[in-house]
Structures are given as C-alpha cells and as structure tokens.
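Below is one structure, written out as structure tokens; the observations come after it.
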Amino acid sequence: MLLVLALLLVLSAAFVPNFTKWENVKGLLLAVSLVGMISCTMLFCLAGGDFDLSVGSTVALAGVIAALVINKYGNAPLALMIPIAAGALIGSLNGFVIARIGINALITTLAMMQIVRGVAYLISNGSSIGVFDRGLTGMATWSFGGLQASVYYMIALFAAFGFLLNRTVFGRNTLAIGGNSEAARLAGLPVVRTKVLIFMLQGAVAAFAGVILAARVSSGNPDTAKGLELQVISSCVLGGVSLTGGIGTISGMIVGVLIMGVVQNSMSLLNIDAFWQLVASGVVLLAAVMLDRLKSQKA
C-alpha cells in the first residue's frame with residue numbers, strides 16, 4: 001500500500017491542479033486529522049478482532065457536551081475532560097457488552113451509535129450550539145509552522161499508540177487476542193479486561209477528536225461526523241489492518257489514512273460532484289475489504 005500511496009501522489013501531482021501547493025498540503029493534513037486520530041484506536045479494535053461503529057456519534061456527542069459546558073461554566077479544561085469521560089464511559093459499555101456479555105460487536109456498536117446520536121440530539125434540542133470561548137477554541141486554532149493544532153494532535157497520537165502497540169504488553173496482548181481469542185484466554189491473558197480497555201480508549205480518543213472538531217469550527221453539532229466510522233475502518237483496512245484480527249501496524253494505518261485523504265482531496269480539487277465522491281468512498285471501502293479477504297486467503 002506504500003507503493004499505492006506513492007503512485008497516487010505522483011499521479012495527483014501530475015494531473016491535479018494545485019495539488020502540490022503548500023496551502024493544499026496543509027489543507028490535506030488538516031482534513032485527515034480527524035480520521036487519523038480515531039484510526040489510532042480503531043486499529044486496536046480491529047487488531048483485537050472487533051470494531052466500533054459508534055465513533056461518529058461519540059464525536060458528535062462530545063462536541064455538543066463541550067459546547068454546553070463551556071457556555072455554562074466558561075471552563076475550558078472542564079469542557080475537555082467531561083466529554084472525554086463521557087466517551088470513555090461509552091467505550092467501556094461497548095467493551096463490557098461485547099467482551100463480558102458476549103454480544104456481537106456489530107449489533108452492540110450499531111445500537112450504541114443510535115443511542116449516542118439520539119442523546120446528542122436530545123441535549124442539544126436538535127440544533128447546533130455555538131462555541132465562542134477563546135479558551136476552548138484556542139485548543140484547536142493554534143498553529144506552528146503553518147500547520148494547525150489538529151495535525152499535531154494526530155501526530156502525537158500516532159506516536160503514543162505506535163509505542164503502545166509495539167512496545168508494551170497491552171499491545172502484544174491485543175494482537176494475540178485478535179489472532180485467537182480462545183487460545184489467548186487459555187494462555188492466561190486478560191481477554192475481557194483488555195477488550196474493555198481497548199473500547200474505553202476508543203471512546204476517549206473519539207471524544208477528544210470531537211471536542212477539537214467543535215473547537216475548530218466553533219460549534220457543537222449533533223449532525224456532525226455521520227459516516228465517519230466507515231472512513232476510519234476503510235483507512236485502517238487499506239493500511240493492512242485485518243478485519244479478522246491479529247494483524248495491524250501503525251505505519252500501515254498511517255498509509256491508509258493518507259491514501260483516503262489524497263483520494264478525497266484530489267476529487268475535490270478536480271471539482272468532482274459530491275455524490276460521486278460518496279460513490280468513490282464506497283468503492284474504496286469495498287476494495288479495502290476485498291484486499292483484506294485476498295490477503296487472508298493467501299495467508
């Protein structure tokens with residue numbers, strides 16, 4: 001997939017107007033930052049043999065909560081921590097139901113997606129909530145070297161979760177559980193605890209990304225991030241993370257995120273209709289799943 005990314009970059013540079021301009025590069029990195037942040041923890045979910053369809057709803061709910069808290073109390077750290085705690089709780093519930101009760105991840109996270117989105121609509125009365133406090137918006141609007149804060153948050157999460165996956169017992173346990181959950185259990189690995197922790201991290205990171213998004217656009221919107229979960233899963237699978245679990249690398253996931261970003265950025269610069277962009281996103285997702293299937297058969 002690294003070769004695919006290189007080919008896409010060469011073709012885009014040659015045939016897409018303004019693709020190589022620094023302003024467009026900055027916009028591309030900013031555009032993939034939300035997906036990139038959440039892909040860090042989706043990698044762990046997929047590598048552990050599960051997935052989470054509720055991340056888009058968690059992003060929306062976190063943004064709404066952050067807007068409500070900052071408007072009522074004017075305390076930026078509180079407006080950051082409360083949504084992250086709520087996201088961690090959502091993830092923990094997902095992990096508990098999946099790992100302890102044994103309900104399928106598809107059903108569990110699909111139900112949670114609906115529940116969380118509904119809560120976001122309820123507490124916001126179905127409307128966007130403006131964010132005007134400079135303490136909160138400043139978290140997302142500072143920049144360095146021409147790159148906005150979201151890009152640096154994404155890079156920091158890449159580094160943190162790369163270390164977690166490659167250099168810790170938790171990362172090795174995640175891959176072992178995804179490879180064969182029953183064998184991992186018989187070997188004495190804490191399967192339930194590890195899965196709950198994975199989903200808790202997923203919820204917390206999705207909520208953090210939601211707060212940063214709300215701060216960046218100065219609004220907590222319950223309609224935001226619809227379909228985000230498919231973009232995140234597509235990016236991970238394109239980067240070599242197996243849907244059946246046990247296989248995944250941070251470097252591969254980063255490549256997948258960039259491939260999705262380059263495709264979408266190039267289509268936008270070519271003024272391709274938004275409806276066709278949706279079609280292309282679906283094709284990319286299908287191609288990613290087919291690629292994963294072919295790799296599994298070959299293995």
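Please note that chains go A, B, ... in the order of the structure tokens, that every chain numbers its residues from 1, and that ligands are numbered from 1 in the order shown.
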*Contacts of stretch 224-226 of chain A at 8 Å or less, counting only C-alpha atoms, minus same-chain residues fewer than 6 places along, as a list in words?*
Gly56, Ser57, Val59 and Ala60 of chain A
I need the residues from that last selection saved to file as a PDB file, in the first residue's frame (with N, CA and C atoms), if you can.
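The resulting file, selection-v2.pdb, is reproduced below:
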```pdb
ATOM      1  N   GLY A  56     -18.517   7.892  15.231  1.00  0.00           N
ATOM      2  CA  GLY A  56     -19.057   9.126  14.671  1.00  0.00           C
ATOM      3  C   GLY A  56     -20.044   9.791  15.610  1.00  0.00           C
ATOM      4  N   SER A  57     -20.898   8.984  16.212  1.00  0.00           N
ATOM      5  CA  SER A  57     -21.864   9.518  17.173  1.00  0.00           C
ATOM      6  C   SER A  57     -21.168  10.044  18.417  1.00  0.00           C
ATOM      7  N   VAL A  59     -18.172  11.358  18.524  1.00  0.00           N
ATOM      8  CA  VAL A  59     -17.604  12.650  18.125  1.00  0.00           C
ATOM      9  C   VAL A  59     -18.656  13.751  18.231  1.00  0.00           C
ATOM     10  N   ALA A  60     -19.855  13.473  17.717  1.00  0.00           N
ATOM     11  CA  ALA A  60     -20.926  14.473  17.749  1.00  0.00           C
ATOM     12  C   ALA A  60     -21.348  14.794  19.180  1.00  0.00           C
TER      13      ALA A  60
END
```
*asked:* Could you list, as a PyMOL selection string, every residue within 12 Å of A:Ala85, counting only C-alpha atoms and ignoring same-chain residues fewer than 6 positions away?
replied: chain A and resi 58+61-62+65-66+78-79+91-92+200-208+211
Just write the chosen residues, C-alpha atoms, as a PDB file, in the first residue's frame.
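Output file result_20.pdb follows:
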```pdb
ATOM      1  CA  THR A  58     -19.344   9.832  20.012  1.00  0.00           C
ATOM      2  CA  LEU A  61     -21.955  13.976  21.391  1.00  0.00           C
ATOM      3  CA  ALA A  62     -18.550  15.118  22.684  1.00  0.00           C
ATOM      4  CA  ILE A  65     -21.249  18.395  25.565  1.00  0.00           C
ATOM      5  CA  ALA A  66     -18.158  20.573  25.199  1.00  0.00           C
ATOM      6  CA  LEU A  78     -13.723  21.094  32.185  1.00  0.00           C
ATOM      7  CA  ALA A  79     -15.192  21.339  28.681  1.00  0.00           C
ATOM      8  CA  GLY A  91     -16.455   2.825  25.078  1.00  0.00           C
ATOM      9  CA  SER A  92     -16.400   0.918  28.352  1.00  0.00           C
ATOM     10  CA  MET A 200     -12.586   2.667  26.535  1.00  0.00           C
ATOM     11  CA  LEU A 201      -9.572   4.154  24.745  1.00  0.00           C
ATOM     12  CA  GLN A 202     -11.552   4.218  21.510  1.00  0.00           C
ATOM     13  CA  GLY A 203     -14.360   6.190  23.131  1.00  0.00           C
ATOM     14  CA  ALA A 204     -11.988   8.593  24.874  1.00  0.00           C
ATOM     15  CA  VAL A 205      -9.999   9.365  21.709  1.00  0.00           C
ATOM     16  CA  ALA A 206     -13.177   9.774  19.637  1.00  0.00           C
ATOM     17  CA  ALA A 207     -14.485  12.209  22.261  1.00  0.00           C
ATOM     18  CA  PHE A 208     -11.197  14.140  22.278  1.00  0.00           C
ATOM     19  CA  VAL A 211     -14.031  18.362  21.210  1.00  0.00           C
TER      20      VAL A 211
END
```
Which residues come within 7 Å of stretch 278-285 of chain A, counting only C-alpha atoms, excluding same-chain residues fewer than 4 positions away, as a compact mmCIF listing (two decimals) with C-alpha atoms, in the first residue's frame?
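The file below, result_39.txt, is the result:
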```txt
# COMPACT_ATOMS: atom_id res chain seq x y z
CA SER A 234 -11.53 1.92 5.46
CA ALA A 274 -20.06 15.35 -4.01
CA VAL A 289 -12.40 -5.34 2.29
```
Contacts of stretch 241-286 of chain A with stretch 140-161 of chain A up to 12 Å, shortest pair per row, only C-alpha atoms, as a Markdown table:
```
| residue | atom | partner | partner_atom | distance |
| --- | --- | --- | --- | --- |
| A:Gly248 | CA | A:Phe161 | CA | 11.9 |
| A:Thr249 | CA | A:Phe161 | CA | 10.0 |
| A:Ile250 | CA | A:Phe158 | CA | 7.0 |
| A:Ser251 | CA | A:Phe158 | CA | 8.6 |
| A:Gly252 | CA | A:Phe158 | CA | 11.2 |
| A:Met253 | CA | A:Phe158 | CA | 9.4 |
| A:Ile254 | CA | A:Phe158 | CA | 8.0 |
| A:Val255 | CA | A:Phe158 | CA | 11.7 |
| A:Val257 | CA | A:Met154 | CA | 11.1 |
```
*Could you check how far atom CA of A:Ile98 sits from atom CA of A:Lys195, in Å to one decimal?*
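One can read the atom CA of A:Ile98 to atom CA of A:Lys195 distance as 8.2 Å.
Atom pair atom CA of A:Leu213 / atom CA of A:Phe170 has a distance of 28.8 Å (rounded to one decimal).
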*Could you tell me how far atom CA of A:Leu175 lies from atom CA of A:Ala47, in Å and to one decimal?*
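Spanning atom CA of A:Leu175 to atom CA of A:Ala47 is a straight-line distance of 5.6 Å.
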*asked:* Here is a test: counting only C-alpha atoms, which residue of A:Leu9, A:Leu29, A:Val217, A:Val55 is nearest to A:Glu229?
replied: A:Val55
Stretch 125-127 of chain A surroundings by only C-alpha atoms, 8 Å radius, close-in-sequence under 4 positions cut, as a compact mmCIF listing (two decimals) with N, CA and C atoms, in the first residue's frame:
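Below you can see part.txt, which holds the result:
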```
# COMPACT_ATOMS: atom_id res chain seq x y z
N ALA A 120 -27.25 13.01 21.78
CA ALA A 120 -26.71 14.28 21.27
C ALA A 120 -27.83 15.19 20.79
N TYR A 121 -28.82 14.62 20.09
CA TYR A 121 -29.97 15.41 19.63
C TYR A 121 -30.80 15.90 20.81
N ASN A 221 -22.24 20.30 17.00
CA ASN A 221 -23.36 19.96 16.11
C ASN A 221 -23.71 18.48 16.24
N PRO A 222 -24.96 18.15 16.60
CA PRO A 222 -25.33 16.73 16.74
C PRO A 222 -25.38 15.98 15.41
```
*Neighbour list for A:Leu7 as a PyMOL selection string, cut-off 12 Å, only C-alpha atoms, skip fewer than 6 positions in-chain*: chain A and resi 1+13-14+259+262-263
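The list of residues with at least one atom within 10 Å of A:Leu53, based on only C-alpha atoms and without residues fewer than 2 positions apart in the same chain, reads Met42, Phe51, Val55, Gly56, Ser57, Thr58, Ala105, Leu106, Ile107, Thr108, Thr109, Leu110, Ala111, Met112, Met113, Gln114, Gly227, Leu228, Glu229, Leu230, Val232 and Ile233 of chain A.
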Based on the selection just made, write C-alpha atoms of those residues as an mmCIF file, in the first residue's frame.
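The resulting out-v8.cif:
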```
data_model
loop_
_atom_site.group_PDB
_atom_site.id
_atom_site.type_symbol
_atom_site.label_atom_id
_atom_site.label_comp_id
_atom_site.auth_asym_id
_atom_site.auth_seq_id
_atom_site.Cartn_x
_atom_site.Cartn_y
_atom_site.Cartn_z
ATOM 1 C CA MET A 42 -9.780 1.715 15.716
ATOM 2 C CA PHE A 51 -14.710 -2.885 15.512
ATOM 3 C CA VAL A 55 -17.271 6.609 16.904
ATOM 4 C CA GLY A 56 -19.057 9.126 14.671
ATOM 5 C CA SER A 57 -21.864 9.518 17.173
ATOM 6 C CA THR A 58 -19.344 9.832 20.012
ATOM 7 C CA ALA A 105 -19.621 -6.106 18.066
ATOM 8 C CA LEU A 106 -21.747 -5.234 15.036
ATOM 9 C CA ILE A 107 -25.009 -5.281 16.993
ATOM 10 C CA THR A 108 -23.547 -3.666 20.116
ATOM 11 C CA THR A 109 -21.827 -0.727 18.456
ATOM 12 C CA LEU A 110 -24.638 -0.224 15.928
ATOM 13 C CA ALA A 111 -27.100 0.095 18.808
ATOM 14 C CA MET A 112 -24.713 2.388 20.690
ATOM 15 C CA MET A 113 -24.337 4.514 17.558
ATOM 16 C CA GLN A 114 -28.093 5.146 17.562
ATOM 17 C CA GLY A 227 -20.400 8.109 8.228
ATOM 18 C CA LEU A 228 -17.071 8.816 9.911
ATOM 19 C CA GLU A 229 -16.808 5.253 11.203
ATOM 20 C CA LEU A 230 -16.686 3.895 7.630
ATOM 21 C CA VAL A 232 -11.904 5.223 9.766
ATOM 22 C CA ILE A 233 -12.377 1.498 9.162
#
```
Mind checking which residues fall within 9 Å of A:Arg100, counting only C-alpha atoms, ignoring those fewer than 4 positions away in the same chain, and posting them as a PDB file with N, CA and C atoms, in the first residue's frame?
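Ended up saving to result25.pdb:
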```pdb
ATOM      1  N   GLY A  95     -17.317  -2.212  25.348  1.00  0.00           N
ATOM      2  CA  GLY A  95     -16.401  -3.297  25.656  1.00  0.00           C
ATOM      3  C   GLY A  95     -16.993  -4.316  26.608  1.00  0.00           C
ATOM      4  N   PHE A  96     -17.732  -3.840  27.615  1.00  0.00           N
ATOM      5  CA  PHE A  96     -18.333  -4.754  28.582  1.00  0.00           C
ATOM      6  C   PHE A  96     -19.373  -5.651  27.917  1.00  0.00           C
ATOM      7  N   VAL A 192     -11.046 -10.224  28.636  1.00  0.00           N
ATOM      8  CA  VAL A 192     -12.152  -9.300  28.889  1.00  0.00           C
ATOM      9  C   VAL A 192     -11.629  -7.923  29.259  1.00  0.00           C
ATOM     10  N   ARG A 193     -10.685  -7.885  30.182  1.00  0.00           N
ATOM     11  CA  ARG A 193     -10.143  -6.598  30.636  1.00  0.00           C
ATOM     12  C   ARG A 193      -9.472  -5.844  29.485  1.00  0.00           C
ATOM     13  N   VAL A 196     -12.187  -4.431  27.082  1.00  0.00           N
ATOM     14  CA  VAL A 196     -12.869  -3.276  27.683  1.00  0.00           C
ATOM     15  C   VAL A 196     -11.967  -2.046  27.628  1.00  0.00           C
TER      16      VAL A 196
END
```
*Nearest to A:Cys45 among A:Leu89, A:Leu122, A:Leu197, A:Leu68, with distances taken over only C-alpha atoms: which residue is it?*
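Once distances to A:Cys45 are computed over only C-alpha atoms, the minimum belongs to A:Leu197.
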*Select from stretch 97-158 of chain A everything DSSP, run on the backbone, classes as strand (DSSP E), then give the selection as JSON, numbers by chain.*
{"A": [129, 130, 143, 144, 147, 148]}
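Nearest residue to A:Leu3, choosing from A:Val32, A:Gly239, A:Leu164, A:Thr244 and counting only C-alpha atoms: A:Gly239.
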